Each structure stands twice: as C-alpha cells, then as structure tokens.
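Working notes for the structure below.
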Amino acid sequence: DGLSGDGARSRAMGAGARQVSGAPAHSDATRTSPSCQLLCNVHQTGQSWHSQPPLEDCMRLNPSFAGIALRSLLAVDLWASKRLGVCAAEGSAWGGARPLMKVVEVSGHGLPWLLGTAYGLCQSDSAATREVLLNLLFALLLDLVLVAVVKGLVKRRRPTHNKMDMFVTISVDKYSFPSGHATRAALVCRFVLHHLVLAVPLRVLVVLWALIVGISRVMLGRHNVTDVLFGLFLGYALYSVVEYCWLSPLSAPALFALWSS
Ligand SMILES: CC(C)=CCC/C(C)=C/COP(=O)(O)O
C-alpha cells in the first residue's frame, strides 16, 4: 500500500493478529504472551517470522510519549551522574576531595542524627526542648522507614561507578532511589529552620549544608541525580507530614507522661 517501516509493520501485525488467529483484537488469544502468540500464528499459517512481526516488537515501535520521556530522562540522568561522579574513587578527577566528601556524608548519616537527638532528649530538662526533640526523633525514624520502603519497592541499583564503602548501611541501602541522605538533609533543614531561632548567616549555612549533602551524593558516585532530586523533594514534603502530626502533650499525652516519669 506504499507504506514502509513502522506504520506498515504495525498495520501488518494488527491485521495478522485478527485474521490469522480468527479472534477479535482483545480476545484471550491476543492476550497470551507475545512470543507464544507468534509461534501459534506461525504454526497455524506457515507464515515466516518476517511476514508477522512479534507483538512485543510492535509495542517497542509504538511507545507512549510518557515512555519515551522517561527513558530519555533516565538516559540523561545516567550520563550526567557518571560525569558528575568526580569523587567516586581516589583516582577520579577530584579524587583528592573524596575524604572531605565522606565527612559530609557522615554529617547527613542517620546514625549520628538519631543518637544525637536521643542524647539531647535524655539531657534536656525543659519541656519545650523535649517536645521539639521528640518530634525530631519521630521525623528521623519516619524518614528511615519511608526511604527503606521506597528503596525496597523501586529497587534501583546504585551507579556502577559507586564504591560500596559507606559508613553503616542497612540491607536496602544497596538500592539508590531515593537518596536517604538527601531526604534527611531536606527534612532536618526545614525542621531546624522552623524550630530553632538562628541568625540569618546560620540559616543560610543550614540550607547550604543540605544542598552540599545532596550534591556530595552524586559526586561520591553513590547516587544518580534523580535519586537526590527526588530525595530532597521527599524530605521537604515529609516535614509537612511531621508538622501535621506534631506530637505534643495534648495530642500524645501518654507519650509525654511516659517521658516525664
Ligand atoms: C543505619 C542507619 C541508622 C541509617 C542508614 C543511613 C544510610 C546509610 C542511608 C543511605 O543513604 P543514601 O541512600 O543517601 O546512600
């Protein structure tokens, strides 16, 4: 019919699926696995593989716009992350800065934040400080659980150029989406800015710290850019949840009574 390439292949396939199997386009026959359907068609008609392109081939030739956009984004992400992983190893372009980046990594790690907050809680003798620290502890735990759940669901592998020499990890930390450091940095940053009275230069420093923690994840080769961007977004959004569920002697009297006893 004068058509060539994808259009002709798609049309040939569509017609083939209806005529050869003798079934409507959405019957059980067309819902079987593509390769099985193809073998069945070839068996029934004696057609060659060339005259009947497999269904899966057809799907790849007609991907959705969202599919193309996602694949392109992921390709750019992998390419950019590899280029930006300049401290991924001692021999990398900025390998000399790796020890400093690892200090930044520890500053955003969950363990020092959890231990520090728990210690502060034990030491505090003011009810107001206790309330803030208790909520920070709740936020940090919620963050750990949320990140572990998302990592476990998405199961995106860390970049191949990452050296797995991280300070204290848990099993899901073999996965990279989202960056736990980035979520924590954004969460803690918003929390501190809302609950601590700080001079402007210190507030700027807190924001810079959160950004540097995020950037260092890519520079160390631990994460792809999208892991960090989504992590920052998740941590930022999580703070709103923490604010919404704010624990106080009014909303959680049992918890506070337990603590004061
Ligand atoms: C062991 C504890 C308490 C927390 C684990 C913190 C950790 C290692 C998170 C992984 O962060 P990235 O996803 O940014 O690599």
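By order of appearance in the structure tokens: chains A, B, ..., then residues from 1 within every chain, and ligands from 1 in the order shown.
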
>> as a PyMOL selection string, please: every protein or nucleic acid residue near ligand 1 (cut-off 10 Å, counting only C-alpha atoms and all ligand atoms).
In response: chain A and resi 105-106+108-115+140-141+143-145+147-148+151+158+164+166-185+213-214+216-218+220-223+227-228+231

Could you take the residues named above and write them with N, CA and C atoms, as a compact mmCIF listing (two decimals), in the first residue's frame?
```txt
# COMPACT_ATOMS: atom_id res chain seq x y z
N GLU A 105 29.27 13.19 54.06
CA GLU A 105 28.38 12.01 54.08
C GLU A 105 28.01 11.65 55.52
N VAL A 106 29.01 11.63 56.41
CA VAL A 106 28.73 11.27 57.81
C VAL A 106 27.83 12.33 58.46
N GLY A 108 25.40 13.78 57.23
CA GLY A 108 23.99 13.59 56.87
C GLY A 108 23.53 12.17 57.12
N HIS A 109 24.37 11.37 57.78
CA HIS A 109 24.02 9.97 58.04
C HIS A 109 22.96 9.88 59.14
N GLY A 110 22.17 8.81 59.10
CA GLY A 110 21.08 8.67 60.07
C GLY A 110 21.56 8.42 61.49
N LEU A 111 22.67 7.66 61.62
CA LEU A 111 23.10 7.25 62.96
C LEU A 111 23.47 8.43 63.85
N PRO A 112 24.37 9.34 63.42
CA PRO A 112 24.68 10.49 64.29
C PRO A 112 23.44 11.33 64.61
N TRP A 113 22.56 11.46 63.65
CA TRP A 113 21.36 12.28 63.90
C TRP A 113 20.44 11.61 64.92
N LEU A 114 20.29 10.29 64.80
CA LEU A 114 19.41 9.57 65.75
C LEU A 114 20.03 9.58 67.14
N LEU A 115 21.33 9.25 67.20
CA LEU A 115 21.99 9.19 68.52
C LEU A 115 22.04 10.57 69.15
N LEU A 140 12.92 11.63 62.12
CA LEU A 140 14.07 10.87 61.61
C LEU A 140 13.70 9.40 61.42
N LEU A 141 12.92 8.86 62.35
CA LEU A 141 12.52 7.45 62.24
C LEU A 141 11.56 7.26 61.06
N ASP A 143 11.40 9.04 58.43
CA ASP A 143 12.20 9.20 57.22
C ASP A 143 12.92 7.89 56.87
N LEU A 144 13.52 7.25 57.91
CA LEU A 144 14.23 5.99 57.65
C LEU A 144 13.28 4.93 57.09
N VAL A 145 12.09 4.84 57.70
CA VAL A 145 11.12 3.83 57.27
C VAL A 145 10.64 4.13 55.84
N VAL A 147 12.07 5.88 53.44
CA VAL A 147 13.13 5.67 52.43
C VAL A 147 13.34 4.17 52.21
N ALA A 148 13.33 3.40 53.31
CA ALA A 148 13.53 1.94 53.17
C ALA A 148 12.40 1.33 52.33
N LYS A 151 12.87 2.46 48.65
CA LYS A 151 14.03 1.77 48.05
C LYS A 151 13.68 0.32 47.75
N ARG A 158 22.49 1.12 42.71
CA ARG A 158 23.38 2.29 42.77
C ARG A 158 24.20 2.36 41.49
N MET A 164 31.19 0.64 47.17
CA MET A 164 30.29 0.44 48.32
C MET A 164 31.10 0.43 49.62
N MET A 166 30.43 2.63 52.22
CA MET A 166 29.70 3.61 53.02
C MET A 166 29.73 3.26 54.50
N PHE A 167 29.59 4.31 55.32
CA PHE A 167 29.56 4.20 56.77
C PHE A 167 28.20 3.63 57.19
N VAL A 168 28.20 2.52 57.92
CA VAL A 168 26.99 1.83 58.44
C VAL A 168 25.76 1.91 57.51
N THR A 169 25.48 0.78 56.88
CA THR A 169 24.30 0.73 55.99
C THR A 169 23.36 -0.38 56.46
N ILE A 170 22.12 -0.32 55.99
CA ILE A 170 21.20 -1.43 56.22
C ILE A 170 20.92 -2.09 54.86
N SER A 171 20.22 -3.21 54.88
CA SER A 171 20.14 -4.02 53.65
C SER A 171 19.60 -3.26 52.44
N VAL A 172 18.57 -2.43 52.62
CA VAL A 172 18.00 -1.74 51.45
C VAL A 172 18.95 -0.68 50.88
N ASP A 173 20.01 -0.38 51.60
CA ASP A 173 20.93 0.66 51.12
C ASP A 173 21.76 0.21 49.93
N LYS A 174 21.55 -1.03 49.49
CA LYS A 174 22.18 -1.41 48.21
C LYS A 174 21.44 -0.72 47.06
N TYR A 175 20.24 -0.24 47.36
CA TYR A 175 19.45 0.48 46.35
C TYR A 175 19.66 1.98 46.49
N SER A 176 19.38 2.68 45.39
CA SER A 176 19.74 4.10 45.42
C SER A 176 18.59 5.09 45.33
N PHE A 177 17.36 4.63 45.04
CA PHE A 177 16.27 5.60 44.86
C PHE A 177 15.26 5.51 45.98
N PRO A 178 15.07 6.55 46.77
CA PRO A 178 15.71 7.87 46.70
C PRO A 178 16.95 7.91 47.60
N SER A 179 17.68 8.99 47.55
CA SER A 179 18.84 9.13 48.43
C SER A 179 18.35 9.43 49.85
N GLY A 180 18.72 8.54 50.77
CA GLY A 180 18.34 8.73 52.18
C GLY A 180 19.01 9.96 52.78
N HIS A 181 20.25 10.22 52.34
CA HIS A 181 20.95 11.41 52.85
C HIS A 181 20.22 12.69 52.40
N ALA A 182 19.75 12.66 51.15
CA ALA A 182 19.07 13.85 50.63
C ALA A 182 17.75 14.08 51.35
N THR A 183 16.99 13.01 51.59
CA THR A 183 15.70 13.19 52.29
C THR A 183 15.95 13.75 53.69
N ARG A 184 16.94 13.16 54.36
CA ARG A 184 17.25 13.60 55.73
C ARG A 184 17.72 15.05 55.74
N ALA A 185 18.58 15.39 54.80
CA ALA A 185 19.12 16.75 54.77
C ALA A 185 17.98 17.77 54.58
N VAL A 213 25.13 18.26 51.02
CA VAL A 213 24.93 16.82 51.28
C VAL A 213 24.35 16.17 50.02
N GLY A 214 23.36 16.84 49.42
CA GLY A 214 22.74 16.29 48.20
C GLY A 214 23.75 16.18 47.06
N SER A 216 26.97 16.10 47.21
CA SER A 216 28.06 15.15 47.51
C SER A 216 27.67 13.71 47.18
N ARG A 217 26.37 13.40 47.23
CA ARG A 217 25.94 12.02 46.93
C ARG A 217 26.26 11.67 45.47
N VAL A 218 26.07 12.65 44.60
CA VAL A 218 26.35 12.40 43.18
C VAL A 218 27.87 12.42 42.95
N LEU A 220 30.20 11.64 44.99
CA LEU A 220 30.81 10.41 45.52
C LEU A 220 30.46 9.19 44.66
N GLY A 221 29.53 9.40 43.72
CA GLY A 221 29.12 8.28 42.86
C GLY A 221 28.10 7.38 43.55
N ARG A 222 27.58 7.81 44.70
CA ARG A 222 26.61 6.97 45.44
C ARG A 222 25.26 6.94 44.74
N HIS A 223 24.92 8.06 44.06
CA HIS A 223 23.58 8.22 43.51
C HIS A 223 23.58 8.84 42.12
N ASP A 227 17.92 10.46 41.94
CA ASP A 227 17.77 9.92 43.30
C ASP A 227 17.83 11.07 44.30
N VAL A 228 18.76 11.98 44.06
CA VAL A 228 18.97 13.09 45.00
C VAL A 228 17.83 14.11 44.89
N GLY A 231 14.91 12.68 46.47
CA GLY A 231 15.15 12.61 47.92
C GLY A 231 14.93 13.97 48.58
```

List as a tab-separated table every residue of stretch 152-249 of chain A that is in contact with stretch 126-131 of chain A, defined as an atom at most 12 Å from one of its atoms (using only C-alpha atoms), together with the nearest atom pair and the distance in Å rounded to one decimal, sorted by chain and then rising number.
```
residue	atom	partner	partner_atom	distance
A:His195	CA	A:Thr129	CA	9.7
A:Leu196	CA	A:Thr129	CA	10.1
A:Trp246	CA	A:Glu131	CA	9.2
A:Leu247	CA	A:Glu131	CA	7.3
A:Ser248	CA	A:Glu131	CA	6.4
A:Pro249	CA	A:Glu131	CA	8.1
```

Okay, now the selection with N, CA and C atoms, as a PDB file, in the first residue's frame?
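The result, written out as part17.pdb:
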```pdb
ATOM      1  N   HIS A 195      12.223  25.479  63.866  1.00  0.00           N
ATOM      2  CA  HIS A 195      12.158  25.325  65.321  1.00  0.00           C
ATOM      3  C   HIS A 195      13.342  25.878  66.093  1.00  0.00           C
ATOM      4  N   LEU A 196      14.350  26.335  65.385  1.00  0.00           N
ATOM      5  CA  LEU A 196      15.488  26.946  66.074  1.00  0.00           C
ATOM      6  C   LEU A 196      15.561  28.415  65.686  1.00  0.00           C
ATOM      7  N   TRP A 246       2.232  16.682  64.458  1.00  0.00           N
ATOM      8  CA  TRP A 246       3.085  17.162  65.571  1.00  0.00           C
ATOM      9  C   TRP A 246       2.674  16.553  66.909  1.00  0.00           C
ATOM     10  N   LEU A 247       3.662  15.935  67.584  1.00  0.00           N
ATOM     11  CA  LEU A 247       3.384  15.311  68.875  1.00  0.00           C
ATOM     12  C   LEU A 247       3.517  16.357  69.982  1.00  0.00           C
ATOM     13  N   SER A 248       2.507  16.448  70.816  1.00  0.00           N
ATOM     14  CA  SER A 248       2.555  17.420  71.921  1.00  0.00           C
ATOM     15  C   SER A 248       1.890  16.773  73.136  1.00  0.00           C
ATOM     16  N   PRO A 249       2.052  17.383  74.313  1.00  0.00           N
ATOM     17  CA  PRO A 249       1.385  16.803  75.495  1.00  0.00           C
ATOM     18  C   PRO A 249      -0.133  16.717  75.298  1.00  0.00           C
TER      19      PRO A 249
END
```

> Pick from A:Leu142, A:Leu121, A:Thr226, A:Trp94: nearest to A:Ala80, with only C-alpha atoms counted?
Replying inline: A:Thr226

>> I need the residue nearest A:Ala237 from this list: A:Val225, A:Cys87, A:Ile215, A:Cys189. Use only C-alpha atoms for the distance.
In response: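 Ranking A:Val225, A:Cys87, A:Ile215, A:Cys189 by distance to A:Ala237, first place goes to A:Cys189.
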
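Here atom CA of A:Asn224 and atom CA of A:Ile212 stand 14.9 Å from one another.
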
> What is the atom CA of A:Asp125 to atom CA of A:Leu193 distance in Å?
Replying inline: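 According to the coordinates, atom CA of A:Asp125 and atom CA of A:Leu193 are separated by 22.2 Å.
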
> In stretch 153-259 of chain A, what's helix (DSSP H, G or I) per DSSP? Answer as a PyMOL selection string?
Replying inline: chain A and resi 153-154+171-174+180-195+200-219+225-244+253-259

> If you measure from atom CA of A:Phe138 to atom CA of A:Val242, what distance in Å do you get, rounded to one decimal?
Replying inline: 8.0 Å

> Taking into account only C-alpha atoms, which residue in the set A:Leu187, A:Phe65, A:Met219, A:Cys245 is nearest to A:Ser92?
Replying inline: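 Counting only C-alpha atoms, the residue closest to A:Ser92 is A:Met219.
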
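Distances from A:His161, A:Trp209, A:Leu100, A:Leu198 to A:Arg83 were compared using only C-alpha atoms, and the smallest one belongs to A:His161.
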
>> So, with only C-alpha atoms as the atoms that count, which of A:Leu73, A:Val204, A:Val192, A:Ala186 lies closest to A:Leu133?
In response: A:Val192
